[in-house]
>>> print(open('upload.pdb').read())   # PDB, C-alpha atoms
MODEL        1
ATOM      1  CA  MET A   1      22.304 -23.055 -24.014
ATOM      2  CA  ALA A   2      22.739 -22.824 -27.772
ATOM      3  CA  ILE A   3      23.950 -26.439 -27.884
ATOM      4  CA  GLY A   4      20.835 -27.565 -26.004
ATOM      5  CA  ILE A   5      18.568 -25.743 -28.446
ATOM      6  CA  ILE A   6      20.365 -27.284 -31.427
ATOM      7  CA  ARG A   7      20.029 -30.732 -29.981
ATOM      8  CA  MET A   8      16.311 -30.269 -29.436
ATOM      9  CA  LYS A   9      15.947 -29.822 -33.184
ATOM     10  CA  ASP A  10      16.986 -33.463 -33.496
ATOM     11  CA  LEU A  11      13.606 -35.192 -33.432
ATOM     12  CA  PHE A  12      15.178 -38.560 -32.676
ATOM     13  CA  ALA A  13      16.648 -37.126 -29.459
ATOM     14  CA  VAL A  14      13.253 -35.653 -28.587
ATOM     15  CA  VAL A  15      11.555 -39.036 -29.019
ATOM     16  CA  MET A  16      14.198 -40.764 -26.895
ATOM     17  CA  LEU A  17      13.856 -38.145 -24.148
ATOM     18  CA  THR A  18      10.084 -38.591 -24.252
ATOM     19  CA  GLY A  19      10.476 -42.358 -23.772
ATOM     20  CA  ILE A  20      12.911 -41.818 -20.904
ATOM     21  CA  TYR A  21      10.499 -39.365 -19.307
ATOM     22  CA  GLY A  22       7.722 -41.954 -19.559
ATOM     23  CA  LEU A  23       9.909 -44.568 -17.933
ATOM     24  CA  LEU A  24      10.868 -42.195 -15.127
ATOM     25  CA  SER A  25       7.199 -41.308 -14.626
ATOM     26  CA  ALA A  26       6.406 -45.012 -14.323
ATOM     27  CA  SER A  27       9.132 -45.301 -11.666
ATOM     28  CA  PHE A  28       7.601 -42.396  -9.737
ATOM     29  CA  PHE A  29       4.195 -44.080  -9.831
ATOM     30  CA  VAL A  30       5.729 -47.296  -8.497
ATOM     31  CA  ALA A  31       7.341 -45.338  -5.653
ATOM     32  CA  MET A  32       3.887 -43.896  -4.838
ATOM     33  CA  ASP A  33       2.323 -47.412  -4.806
ATOM     34  CA  ALA A  34       0.303 -46.634  -7.955
ATOM     35  CA  VAL A  35       1.412 -49.817  -9.709
ATOM     36  CA  ASP A  36      -1.514 -49.974 -12.132
ATOM     37  CA  VAL A  37      -0.824 -46.449 -13.373
ATOM     38  CA  ALA A  38       2.891 -47.240 -13.578
ATOM     39  CA  PHE A  39       2.100 -50.314 -15.660
ATOM     40  CA  THR A  40       0.074 -48.224 -18.096
ATOM     41  CA  GLU A  41       2.691 -45.474 -18.303
ATOM     42  CA  ALA A  42       5.499 -47.959 -18.957
ATOM     43  CA  ALA A  43       3.538 -49.775 -21.665
ATOM     44  CA  VAL A  44       2.074 -46.701 -23.379
ATOM     45  CA  GLY A  45       4.349 -43.766 -22.562
ATOM     46  CA  ALA A  46       7.714 -45.521 -22.725
ATOM     47  CA  GLY A  47       6.719 -48.373 -25.019
ATOM     48  CA  ILE A  48       4.304 -48.229 -27.896
ATOM     49  CA  SER A  49       4.222 -44.406 -28.134
ATOM     50  CA  THR A  50       7.987 -44.277 -28.622
ATOM     51  CA  LEU A  51       7.784 -46.851 -31.407
ATOM     52  CA  LEU A  52       4.978 -44.972 -33.160
ATOM     53  CA  MET A  53       6.875 -41.679 -33.001
ATOM     54  CA  LEU A  54       9.980 -43.351 -34.418
ATOM     55  CA  VAL A  55       7.883 -44.565 -37.340
ATOM     56  CA  VAL A  56       6.590 -41.023 -37.857
ATOM     57  CA  ILE A  57      10.164 -39.672 -37.903
ATOM     58  CA  THR A  58      10.937 -41.927 -40.859
ATOM     59  CA  MET A  59       8.238 -40.004 -42.737
ATOM     60  CA  THR A  60       8.984 -36.447 -41.589
ATOM     61  CA  GLY A  61      12.779 -36.575 -41.341
ATOM     62  CA  ARG A  62      15.045 -36.534 -38.323
ATOM     63  CA  LYS A  63      15.814 -32.812 -38.236
ATOM     64  CA  GLU A  64      13.320 -30.074 -37.505
ATOM     65  CA  LYS A  65      13.045 -27.491 -40.241
ATOM     66  CA  ALA A  66      14.319 -24.010 -39.465
ATOM     67  CA  THR A  67      11.577 -21.552 -38.561
ATOM     68  CA  ARG A  68      11.143 -18.603 -40.907
ATOM     69  CA  HIS A  69       9.450 -16.369 -38.370
ATOM     70  CA  LYS A  70       9.536 -15.657 -34.666
ATOM     71  CA  PRO A  71       6.446 -17.213 -33.037
ATOM     72  CA  PHE A  72       6.016 -14.469 -30.428
ATOM     73  CA  ALA A  73       2.214 -14.637 -30.656
ATOM     74  CA  ALA A  74       2.238 -18.382 -29.955
ATOM     75  CA  LEU A  75       4.704 -17.865 -27.098
ATOM     76  CA  PHE A  76       2.435 -15.183 -25.618
ATOM     77  CA  VAL A  77      -0.599 -17.487 -25.764
ATOM     78  CA  VAL A  78       1.341 -20.352 -24.153
ATOM     79  CA  VAL A  79       2.626 -18.113 -21.347
ATOM     80  CA  ILE A  80      -0.843 -16.711 -20.611
ATOM     81  CA  THR A  81      -2.432 -20.173 -20.696
ATOM     82  CA  GLY A  82       0.273 -21.606 -18.448
ATOM     83  CA  GLY A  83      -0.147 -18.741 -15.999
ATOM     84  CA  LEU A  84      -3.907 -19.317 -15.836
ATOM     85  CA  LEU A  85      -3.397 -23.028 -15.236
ATOM     86  CA  VAL A  86      -0.951 -22.327 -12.413
ATOM     87  CA  TYR A  87      -3.369 -19.779 -10.942
ATOM     88  CA  GLY A  88      -6.132 -22.371 -11.042
ATOM     89  CA  THR A  89      -4.095 -24.742  -8.881
ATOM     90  CA  LEU A  90      -3.649 -22.236  -6.037
ATOM     91  CA  ASP A  91      -7.000 -23.190  -4.467
ATOM     92  CA  MET A  92      -6.237 -26.905  -4.627
ATOM     93  CA  PRO A  93      -5.133 -28.712  -1.456
ATOM     94  CA  LEU A  94      -1.458 -29.448  -1.014
ATOM     95  CA  PHE A  95      -0.138 -32.664  -2.512
ATOM     96  CA  GLY A  96      -0.654 -35.525  -0.055
ATOM     97  CA  SER A  97      -2.650 -33.390   2.357
ATOM     98  CA  ALA A  98      -4.751 -35.512   4.716
ATOM     99  CA  ASP A  99      -7.452 -32.816   4.748
ATOM    100  CA  ALA A 100      -8.068 -33.020   0.988
ATOM    101  CA  PRO A 101     -11.725 -33.794   0.135
ATOM    102  CA  ILE A 102     -10.743 -36.862  -1.865
ATOM    103  CA  HIS A 103      -9.128 -38.371   1.241
ATOM    104  CA  ASN A 104     -12.151 -37.658   3.415
ATOM    105  CA  HIS A 105     -14.994 -38.690   1.118
ATOM    106  CA  VAL A 106     -14.208 -40.560  -2.104
ATOM    107  CA  ALA A 107     -11.143 -42.605  -1.153
ATOM    108  CA  PRO A 108     -12.590 -44.029   2.105
ATOM    109  CA  ARG A 109     -15.755 -45.002   0.234
ATOM    110  CA  TYR A 110     -13.811 -46.985  -2.341
ATOM    111  CA  LEU A 111     -11.350 -48.546   0.095
ATOM    112  CA  ASN A 112     -13.898 -49.568   2.720
ATOM    113  CA  ASP A 113     -16.828 -50.697   0.565
ATOM    114  CA  SER A 114     -15.367 -51.896  -2.758
ATOM    115  CA  MET A 115     -14.580 -55.419  -1.544
ATOM    116  CA  GLN A 116     -18.093 -55.923  -0.207
ATOM    117  CA  GLU A 117     -19.840 -54.364  -3.220
ATOM    118  CA  ILE A 118     -17.562 -55.474  -6.065
ATOM    119  CA  GLY A 119     -15.730 -58.455  -4.587
ATOM    120  CA  ILE A 120     -12.415 -57.717  -6.357
ATOM    121  CA  PRO A 121      -9.112 -57.417  -4.466
ATOM    122  CA  ASN A 122      -7.705 -54.785  -6.862
ATOM    123  CA  VAL A 123      -9.426 -51.540  -5.870
ATOM    124  CA  VAL A 124      -8.110 -49.748  -8.970
ATOM    125  CA  THR A 125      -9.984 -52.163 -11.220
ATOM    126  CA  SER A 126     -13.113 -51.709  -9.113
ATOM    127  CA  VAL A 127     -12.931 -47.935  -9.529
ATOM    128  CA  LEU A 128     -12.143 -47.850 -13.243
ATOM    129  CA  ALA A 129     -14.344 -50.734 -14.388
ATOM    130  CA  SER A 130     -17.325 -50.367 -12.045
ATOM    131  CA  TYR A 131     -17.600 -47.138 -10.067
ATOM    132  CA  ARG A 132     -16.328 -45.051 -12.996
ATOM    133  CA  ALA A 133     -17.292 -47.364 -15.843
ATOM    134  CA  PHE A 134     -18.947 -44.543 -17.779
ATOM    135  CA  ASP A 135     -15.719 -42.480 -17.694
ATOM    136  CA  THR A 136     -13.701 -45.478 -18.848
ATOM    137  CA  PHE A 137     -16.184 -46.040 -21.659
ATOM    138  CA  GLY A 138     -15.537 -42.472 -22.781
ATOM    139  CA  GLU A 139     -11.801 -43.129 -22.818
ATOM    140  CA  VAL A 140     -12.281 -46.209 -24.986
ATOM    141  CA  VAL A 141     -14.464 -44.227 -27.409
ATOM    142  CA  VAL A 142     -11.763 -41.539 -27.605
ATOM    143  CA  ILE A 143      -9.130 -44.169 -28.432
ATOM    144  CA  PHE A 144     -11.400 -45.670 -31.072
ATOM    145  CA  THR A 145     -12.087 -42.239 -32.593
ATOM    146  CA  ALA A 146      -8.369 -41.443 -32.706
ATOM    147  CA  GLY A 147      -7.640 -44.689 -34.523
ATOM    148  CA  ILE A 148     -10.394 -44.088 -37.060
ATOM    149  CA  GLY A 149      -9.102 -40.545 -37.608
ATOM    150  CA  VAL A 150      -5.574 -41.784 -38.297
ATOM    151  CA  LEU A 151      -6.923 -44.464 -40.605
ATOM    152  CA  ALA A 152      -9.004 -41.924 -42.518
ATOM    153  CA  MET A 153      -6.115 -39.477 -42.969
ATOM    154  CA  LEU A 154      -3.373 -41.954 -43.847
ATOM    155  CA  PHE A 155      -5.293 -44.589 -45.767
ATOM    156  CA  ALA A 156      -3.639 -45.267 -49.117
ATOM    157  CA  HIS A 157      -4.911 -47.657 -51.758
ATOM    158  CA  ARG A 158      -2.268 -49.974 -53.204
ATOM    159  CA  ARG A 159      -2.545 -51.981 -56.373
ATOM    160  CA  ARG A 160      -1.538 -55.627 -56.459
ATOM    161  CA  GLU A 161       1.618 -55.017 -58.500
ATOM    162  CA  GLU A 162       2.668 -52.343 -56.003
ATOM    163  CA  ASP A 163       2.209 -54.829 -53.160
ATOM    164  CA  GLU A 164       4.553 -57.281 -54.880
ATOM    165  CA  LYS A 165       7.261 -54.664 -55.364
ATOM    166  CA  LEU A 166       6.844 -53.393 -51.790
ATOM    167  CA  ALA A 167       7.172 -56.964 -50.541
ATOM    168  CA  ALA A 168      10.481 -57.276 -52.357
ATOM    169  CA  ILE A 169      11.683 -54.042 -50.748
ATOM    170  CA  ASN A 170      10.707 -55.260 -47.274
ATOM    171  CA  ASP A 171      12.313 -58.664 -47.779
ATOM    172  CA  SER A 172      15.603 -57.084 -48.818
ATOM    173  CA  MET A 173      15.528 -54.796 -45.781
ATOM    174  CA  HIS A 174      14.711 -57.404 -43.147
ATOM    175  CA  GLU A 175      16.423 -60.601 -44.334
ATOM    176  CA  LYS A 176      19.795 -59.564 -42.878
ATOM    177  CA  HIS A 177      18.839 -59.810 -39.193
ATOM    178  CA  LEU A 178      18.549 -63.580 -39.003
ATOM    179  CA  VAL A 179      19.527 -64.056 -35.338
ATOM    180  CA  ILE A 180      17.225 -61.288 -34.120
ATOM    181  CA  ARG A 181      14.357 -62.687 -36.160
ATOM    182  CA  ILE A 182      14.802 -66.181 -34.711
ATOM    183  CA  VAL A 183      14.931 -64.849 -31.152
ATOM    184  CA  THR A 184      11.854 -62.713 -31.837
ATOM    185  CA  LYS A 185       9.907 -65.715 -33.094
ATOM    186  CA  MET A 186      10.679 -67.411 -29.789
ATOM    187  CA  LEU A 187       9.671 -64.381 -27.708
ATOM    188  CA  ILE A 188       6.438 -63.351 -29.448
ATOM    189  CA  PRO A 189       4.349 -66.286 -28.103
ATOM    190  CA  PHE A 190       5.434 -65.422 -24.557
ATOM    191  CA  ILE A 191       4.607 -61.744 -25.109
ATOM    192  CA  LEU A 192       1.114 -62.666 -26.297
ATOM    193  CA  LEU A 193       0.693 -65.070 -23.377
ATOM    194  CA  PHE A 194       1.759 -62.358 -20.949
ATOM    195  CA  ALA A 195      -0.778 -59.999 -22.531
ATOM    196  CA  LEU A 196      -3.537 -62.522 -21.862
ATOM    197  CA  TYR A 197      -2.301 -62.923 -18.293
ATOM    198  CA  VAL A 198      -2.442 -59.151 -17.763
ATOM    199  CA  GLN A 199      -5.905 -59.073 -19.361
ATOM    200  CA  PHE A 200      -7.499 -61.659 -17.087
ATOM    201  CA  HIS A 201      -5.420 -61.010 -13.955
ATOM    202  CA  GLY A 202      -6.387 -57.343 -13.629
ATOM    203  CA  ASP A 203      -8.985 -58.210 -10.978
ATOM    204  CA  TYR A 204      -6.335 -59.525  -8.598
ATOM    205  CA  GLY A 205      -3.203 -57.538  -9.458
ATOM    206  CA  PRO A 206      -1.856 -54.746 -11.669
ATOM    207  CA  GLY A 207      -3.212 -54.994 -15.175
ATOM    208  CA  GLY A 208      -6.376 -54.799 -17.214
ATOM    209  CA  GLY A 209      -7.569 -54.134 -20.725
ATOM    210  CA  PHE A 210      -5.482 -51.029 -21.425
ATOM    211  CA  GLN A 211      -2.169 -52.611 -20.466
ATOM    212  CA  ALA A 212      -2.984 -55.950 -22.077
ATOM    213  CA  GLY A 213      -4.019 -54.319 -25.342
ATOM    214  CA  VAL A 214      -0.780 -52.357 -25.615
ATOM    215  CA  ILE A 215       1.350 -55.420 -24.788
ATOM    216  CA  PHE A 216      -0.504 -57.535 -27.340
ATOM    217  CA  SER A 217      -0.128 -54.902 -30.060
ATOM    218  CA  SER A 218       3.577 -54.460 -29.252
ATOM    219  CA  ALA A 219       4.143 -58.105 -30.215
ATOM    220  CA  ILE A 220       2.522 -57.470 -33.615
ATOM    221  CA  VAL A 221       4.529 -54.263 -34.073
ATOM    222  CA  LEU A 222       7.749 -56.097 -33.195
ATOM    223  CA  TYR A 223       6.940 -58.776 -35.751
ATOM    224  CA  ALA A 224       6.242 -56.157 -38.437
ATOM    225  CA  MET A 225       9.473 -54.281 -37.705
ATOM    226  CA  LEU A 226      11.647 -57.399 -38.023
ATOM    227  CA  PHE A 227       9.831 -59.352 -40.725
ATOM    228  CA  GLY A 228       8.420 -56.516 -42.812
ATOM    229  CA  LEU A 229       4.952 -55.127 -43.329
ATOM    230  CA  SER A 230       4.160 -57.531 -46.143
ATOM    231  CA  ALA A 231       4.725 -60.564 -43.918
ATOM    232  CA  ALA A 232       2.803 -58.891 -41.083
ATOM    233  CA  ARG A 233      -0.143 -58.202 -43.389
ATOM    234  CA  ARG A 234      -0.274 -61.865 -44.319
ATOM    235  CA  VAL A 235      -0.414 -62.762 -40.622
ATOM    236  CA  VAL A 236      -2.720 -59.961 -39.441
ATOM    237  CA  ASN A 237      -5.732 -59.251 -41.643
ATOM    238  CA  GLN A 238      -6.315 -55.504 -41.650
ATOM    239  CA  GLY A 239     -10.050 -55.774 -42.260
ATOM    240  CA  PHE A 240     -10.408 -58.119 -39.302
ATOM    241  CA  ILE A 241      -8.418 -55.764 -37.056
ATOM    242  CA  GLN A 242     -10.663 -52.835 -37.991
ATOM    243  CA  LEU A 243     -13.718 -54.975 -37.263
ATOM    244  CA  MET A 244     -12.325 -55.970 -33.857
ATOM    245  CA  ALA A 245     -11.661 -52.323 -32.962
ATOM    246  CA  ALA A 246     -15.353 -51.579 -33.426
ATOM    247  CA  PHE A 247     -16.362 -54.845 -31.748
ATOM    248  CA  GLY A 248     -14.499 -53.922 -28.546
ATOM    249  CA  VAL A 249     -16.367 -50.628 -28.190
ATOM    250  CA  LEU A 250     -19.650 -52.353 -29.059
ATOM    251  CA  CYS A 251     -19.015 -55.064 -26.450
ATOM    252  CA  TYR A 252     -18.371 -52.425 -23.795
ATOM    253  CA  GLY A 253     -21.482 -50.429 -24.672
ATOM    254  CA  CYS A 254     -23.705 -53.523 -24.849
ATOM    255  CA  VAL A 255     -22.888 -54.305 -21.214
ATOM    256  CA  GLY A 256     -24.396 -50.967 -20.236
ATOM    257  CA  ILE A 257     -27.448 -51.559 -22.427
ATOM    258  CA  ALA A 258     -27.891 -55.022 -20.901
ATOM    259  CA  SER A 259     -27.857 -53.385 -17.468
ATOM    260  CA  LEU A 260     -30.626 -51.019 -18.538
ATOM    261  CA  LEU A 261     -32.724 -53.837 -20.013
ATOM    262  CA  ASN A 262     -32.460 -55.757 -16.741
ATOM    263  CA  GLY A 263     -33.865 -52.849 -14.749
ATOM    264  CA  GLY A 264     -30.622 -51.297 -13.503
ATOM    265  CA  ASN A 265     -28.710 -48.134 -14.274
ATOM    266  CA  PHE A 266     -26.265 -47.811 -17.140
ATOM    267  CA  PHE A 267     -23.231 -50.020 -16.282
ATOM    268  CA  ASP A 268     -24.931 -51.257 -13.105
ATOM    269  CA  TYR A 269     -23.550 -54.798 -13.180
ATOM    270  CA  ASN A 270     -25.479 -55.941 -10.107
ATOM    271  CA  VAL A 271     -28.510 -56.791 -12.243
ATOM    272  CA  LEU A 272     -26.568 -59.043 -14.636
ATOM    273  CA  SER A 273     -26.820 -61.967 -12.227
ATOM    274  CA  ASN A 274     -28.880 -63.110  -9.270
ATOM    275  CA  ASP A 275     -25.828 -62.541  -7.074
ATOM    276  CA  PRO A 276     -24.788 -58.845  -7.255
ATOM    277  CA  VAL A 277     -21.105 -59.695  -6.740
ATOM    278  CA  ALA A 278     -21.232 -62.309  -9.506
ATOM    279  CA  GLY A 279     -22.881 -59.705 -11.740
ATOM    280  CA  GLN A 280     -20.045 -57.303 -10.975
ATOM    281  CA  HIS A 281     -17.469 -59.938 -11.924
ATOM    282  CA  LEU A 282     -19.278 -60.707 -15.188
ATOM    283  CA  GLY A 283     -19.669 -57.057 -16.156
ATOM    284  CA  ILE A 284     -16.053 -56.185 -15.386
ATOM    285  CA  LEU A 285     -14.803 -59.224 -17.307
ATOM    286  CA  LEU A 286     -16.792 -58.226 -20.402
ATOM    287  CA  ILE A 287     -15.910 -54.540 -20.413
ATOM    288  CA  GLU A 288     -12.219 -55.255 -19.739
ATOM    289  CA  TRP A 289     -12.257 -57.641 -22.686
ATOM    290  CA  GLY A 290     -13.779 -54.899 -24.830
ATOM    291  CA  VAL A 291     -11.120 -52.427 -23.691
ATOM    292  CA  GLY A 292      -8.295 -54.863 -24.446
ATOM    293  CA  VAL A 293      -9.610 -55.698 -27.910
ATOM    294  CA  THR A 294     -10.140 -52.050 -28.889
ATOM    295  CA  VAL A 295      -6.790 -50.821 -27.557
ATOM    296  CA  ALA A 296      -4.829 -53.622 -29.231
ATOM    297  CA  SER A 297      -6.652 -53.147 -32.541
ATOM    298  CA  ILE A 298      -6.265 -49.362 -32.572
ATOM    299  CA  MET A 299      -2.538 -49.545 -31.768
ATOM    300  CA  ILE A 300      -2.052 -51.987 -34.641
ATOM    301  CA  ILE A 301      -4.129 -49.819 -36.983
ATOM    302  CA  ILE A 302      -2.114 -46.697 -36.126
ATOM    303  CA  PHE A 303       1.216 -48.463 -36.632
ATOM    304  CA  PHE A 304       0.230 -50.010 -39.951
ATOM    305  CA  SER A 305      -1.199 -46.684 -41.156
ATOM    306  CA  PHE A 306       2.011 -44.744 -40.482
ATOM    307  CA  ALA A 307       4.308 -47.548 -41.618
ATOM    308  CA  GLY A 308       2.218 -48.136 -44.742
ATOM    309  CA  ARG A 309       2.409 -44.453 -45.663
ATOM    310  CA  ARG A 310       6.202 -44.599 -45.284
ATOM    311  CA  GLU A 311       6.228 -47.707 -47.444
ATOM    312  CA  ILE A 312       4.391 -45.881 -50.228
ATOM    313  CA  GLN A 313       6.845 -42.977 -49.991
ATOM    314  CA  GLN A 314       9.778 -45.362 -50.429
ATOM    315  CA  TYR A 315       8.102 -46.894 -53.455
ATOM    316  CA  VAL A 316       7.501 -43.477 -55.069
ATOM    317  CA  GLU A 317      11.074 -42.333 -54.350
ATOM    318  CA  GLN A 318      12.523 -45.448 -55.948
ATOM    319  CA  ASN A 319      10.378 -44.979 -59.062
ATOM    320  CA  LYS A 320      11.529 -41.348 -59.334
ATOM    321  CA  ASN A 321      15.181 -42.411 -59.069
ATOM    322  CA  LYS A 322      14.672 -45.032 -61.804
ATOM    323  CA  GLU A 323      13.010 -42.484 -64.066
ATOM    324  CA  SER A 324      15.786 -39.947 -63.509
ATOM    325  CA  VAL A 325      18.431 -42.561 -64.371
TER     326      VAL A 325
ENDMDL
END
>>> encode(input="upload.pdb", output="structure tokens")
Amino acid sequence: MAIGIIRMKDLFAVVMLTGIYGLLSASFFVAMDAVDVAFTEAAVGAGISTLLMLVVITMTGRKEKATRHKPFAALFVVVITGGLLVYGTLDMPLFGSADAPIHNHVAPRYLNDSMQEIGIPNVVTSVLASYRAFDTFGEVVVIFTAGIGVLAMLFAHRRREEDEKLAAINDSMHEKHLVIRIVTKMLIPFILLFALYVQFHGDYGPGGGFQAGVIFSSAIVLYAMLFGLSAARRVVNQGFIQLMAAFGVLCYGCVGIASLLNGGNFFDYNVLSNDPVAGQHLGILLIEWGVGVTVASIMIIIFFSFAGRREIQQYVEQNKNKESV
């Protein structure tokens, strides 16, 4: 037991276990025929989130600091909250119960009528992008807000001479892995192409804007990790990425406003075209594009914010060492 507690103070082990848990969760979703959810969990939970936490560890250190006090009050609050949450689930129907309200009302409505009303084979996309478009819009706004919050907290202004010295540091760190860099250059175009496939194939199979955005941003993150932040900044303009993050949310919201201006409800795509099904296809295409653009941009912003802060720390530490010598 003591060994297990000591190991949990190793933040690298915690991050790896979190990634493994995400991958196992994705496998469970596949076994339950929830392929779209599994796709998202594999890309976000086991993929980009693990990379971002590894970047954070480089800033905070690998080992957790020893606690100076016993957090009994926090433990008491967690136990009480957990007990209340468990108590709240007692009135819920059993998992997989055929008598659950969702299986008698909501699910049959989506499964039986979505093809006629939406005209898309993937029912999950119909639910998320049309029936529950307002909820999905809220999720995109939350992602955008999180990215802006990270950018506001970790933004650091660098002078031009600092950029040149930081570029030299990055070049010395990344020039050793020649074979990996060549292979990565060959793989990145295929990763980006696959992201576009996932983006525009979400109507007919697993995929959509969330998954495509994470896959697209992972290619940029991979490039930055192997070629250095300086090279990545020359390829990816940070101002443009921030603009695209806002543009994705704006594109999504404008679809709802266009629905209102055409006499329909908010996110009622039927009024976007003379044919209601064609209007549904157009609306879903536009909002999925907005989701993909925002998610990809925010993931890139978060990575560059954390990695840039670590870069500044390295620069300051090197200057301190030079001054001490």
>>> atom_distance(input="upload.pdb", atom1="CA of Leu285 (chain A)", atom2="CA of Phe240 (chain A)")
22.5 Å
>>> closest_residue(input="upload.pdb", among="A:Ile241, A:Leu226, A:Leu187, A:Val140", to="Trp289 (chain A)", atoms="only C-alpha atoms")
A:Val140
>>> residues_around(input="upload.pdb", residues="Val235 (chain A)", least_positions_apart="5", cutoff="10 Å", atoms="only C-alpha atoms", output="PyMOL selection string")
chain A and resi 220+223-224+229-230
>>> write_last_selection(input="upload.pdb", atoms="C-alpha atoms", output="compact mmCIF listing (two decimals), in the frame of the given file")
# COMPACT_ATOMS: atom_id res chain seq x y z
CA ILE A 220 2.52 -57.47 -33.62
CA TYR A 223 6.94 -58.78 -35.75
CA ALA A 224 6.24 -56.16 -38.44
CA LEU A 229 4.95 -55.13 -43.33
CA SER A 230 4.16 -57.53 -46.14
>>> closest_atom_pairs(input="upload.pdb", of="region 223-268 of chain A", to="region 296-302 of chain A", cutoff="9 Å", atoms="only C-alpha atoms", output="JSON lines")
{"residue": "A:Gln238", "atom": "CA", "partner": "A:Ile301", "partner_atom": "CA", "distance": 7.7}
{"residue": "A:Ile241", "atom": "CA", "partner": "A:Ser297", "partner_atom": "CA", "distance": 5.5}
{"residue": "A:Gln242", "atom": "CA", "partner": "A:Ser297", "partner_atom": "CA", "distance": 6.8}
{"residue": "A:Leu243", "atom": "CA", "partner": "A:Ser297", "partner_atom": "CA", "distance": 8.7}
{"residue": "A:Met244", "atom": "CA", "partner": "A:Ser297", "partner_atom": "CA", "distance": 6.5}
{"residue": "A:Ala245", "atom": "CA", "partner": "A:Ser297", "partner_atom": "CA", "distance": 5.1}
{"residue": "A:Ala246", "atom": "CA", "partner": "A:Ser297", "partner_atom": "CA", "distance": 8.9}
{"residue": "A:Gly248", "atom": "CA", "partner": "A:Ser297", "partner_atom": "CA", "distance": 8.8}
>>> resolve_selection(input="upload.pdb", expression="the PyMOL selection byres ((chain A and resi 35) around 12)", output="number ranges by chain")
A: 25-34, 36-42, 122-125, 202, 205-208, 211
>>> residues_around(input="upload.pdb", residues="Thr50 (chain A)", least_positions_apart="2", cutoff="10 Å", atoms="only C-alpha atoms", output="JSON, numbers by chain")
{"A": [15, 16, 17, 18, 19, 20, 22, 43, 44, 45, 46, 47, 48, 52, 53, 54, 55, 56]}
>>> atom_distance(input="upload.pdb", atom1="CA of Asp10 (chain A)", atom2="CA of Gly308 (chain A)")
23.7 Å
>>> atom_distance(input="upload.pdb", atom1="CA of Leu128 (chain A)", atom2="CA of Gly209 (chain A)")
10.8 Å
>>> closest_residue(input="upload.pdb", among="A:Leu75, A:Val150, A:Ala307, A:Ile182", to="Gly228 (chain A)", atoms="only C-alpha atoms")
A:Ala307
